[in-house]
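Engineer: A single structure is presented below for examination.
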Amino acid sequence: MLLALIVTALVAVALLSDLLIPRLKERWERYRAGRQRAPAPPYDPGRERRAEQRARALLRSCVNDEEWSMYRDLGFIRVWGSQNDGPARADGTGGAAYGYLVYPHKPIVAYLAQTHRLLNEYCVTFPDETRPYGSARLPDSDDALAKWMALTGDERRLIATANMHLPGRQVDPAAVKRDLWRLTQWERARLRTAGDEEGSTQADLTP
Amino acid sequence: MKPGHGEVLIAEGDVELRADELRLIEAFRDQLDSGMWAAVPVTEPAGRRQAQLVRDFEQIPRDADRVIFFPRAAGGAR
């Protein structure tokens, strides 16, 4: 009896194999293909350059004239902090004014406006996991704009999201100090230019 | 914002037209569902520029001329 059942089952399997095997094979191939990484398109410097140009135009249209000039001339944007007691997780600033230096694809650096003492580094990224061109990395100016929007839109949330480190973890403190000095010089030159232009305008208007 | 591309136009329309508004709402939700953050660049009365992060279509000022979507922030290198 048992032997008869086994023989019947084997015959049934043999008859169904023509139907089952192709389906199983197709499923296995689909499963394997799903696990394989899709080939990334080759790096195209022209495409990256065009993307950066578009990103710069977008950044320029969002920030004010001073911030745009700062980014163009110095390579970073200063954003003033808005929390009463300094950025979160920074031990408080005692109400002193503070700002952030926003660099593309580098941590945001918080500092005290008056003394230029560096407070912290806030490491944050904006990865696009859809990787339309094989990379999750935004163009430089888009990264700076994303940080600017997140900082000015919800400073607390961005700082809470970021990984905080003491100054010097990723960005050289000496380089940041030098950037703060460059920023001071840049602002003085800008003020001088604005003063000269105002003076000449008034001279033109004097009868 | 897209890696390797920069700015990409997703949808445009007039929010005063119902059909356009529905299309914009759908595009807005699609972007947020795919994990993007949305921001509206605004100019304060004092002239200061900043971004307003929005999580709902109703939060977008009616006179906003654009909404920018960008990948949500994540903690960087440890």
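The chains in the structure tokens are called A, B, ... from first to last as shown; in each chain the residues are counted from 1, and the ligands are counted from 1 in the order shown.
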So which residues touch range 53-61 of chain B within 12 Å, counting only C-alpha atoms, skipping near sequence neighbours fewer than 2 positions away, as number ranges by chain?

Structural biologist: A: 146, 148-155, 157-158; B: 15, 21-33, 35-43, 50-51, 63-70, 72

Engineer: Report as a PyMOL selection string the set of chain B residues whose atoms approach chain A to within 8 Å, with distances computed over only C-alpha atoms.

Structural biologist: chain B and resi 1-7+39+41+48-53+70-78

Engineer: How far is it from CA of Val109 in chain A to CA of Ala189 in chain A, in Å with one decimal?

Structural biologist: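 These atoms are spaced 23.7 Å apart.
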
Engineer: Suppose you want the space between CA of Lys25 in chain A and CA of Val13 in chain A; what is it in Å?

Structural biologist: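 Taking CA of Lys25 in chain A and CA of Val13 in chain A, their separation equals 16.1 Å.
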
Engineer: Distance CA of Trp80 in chain A-CA of Ala144 in chain A, one decimal place?

Structural biologist: 14.8 Å
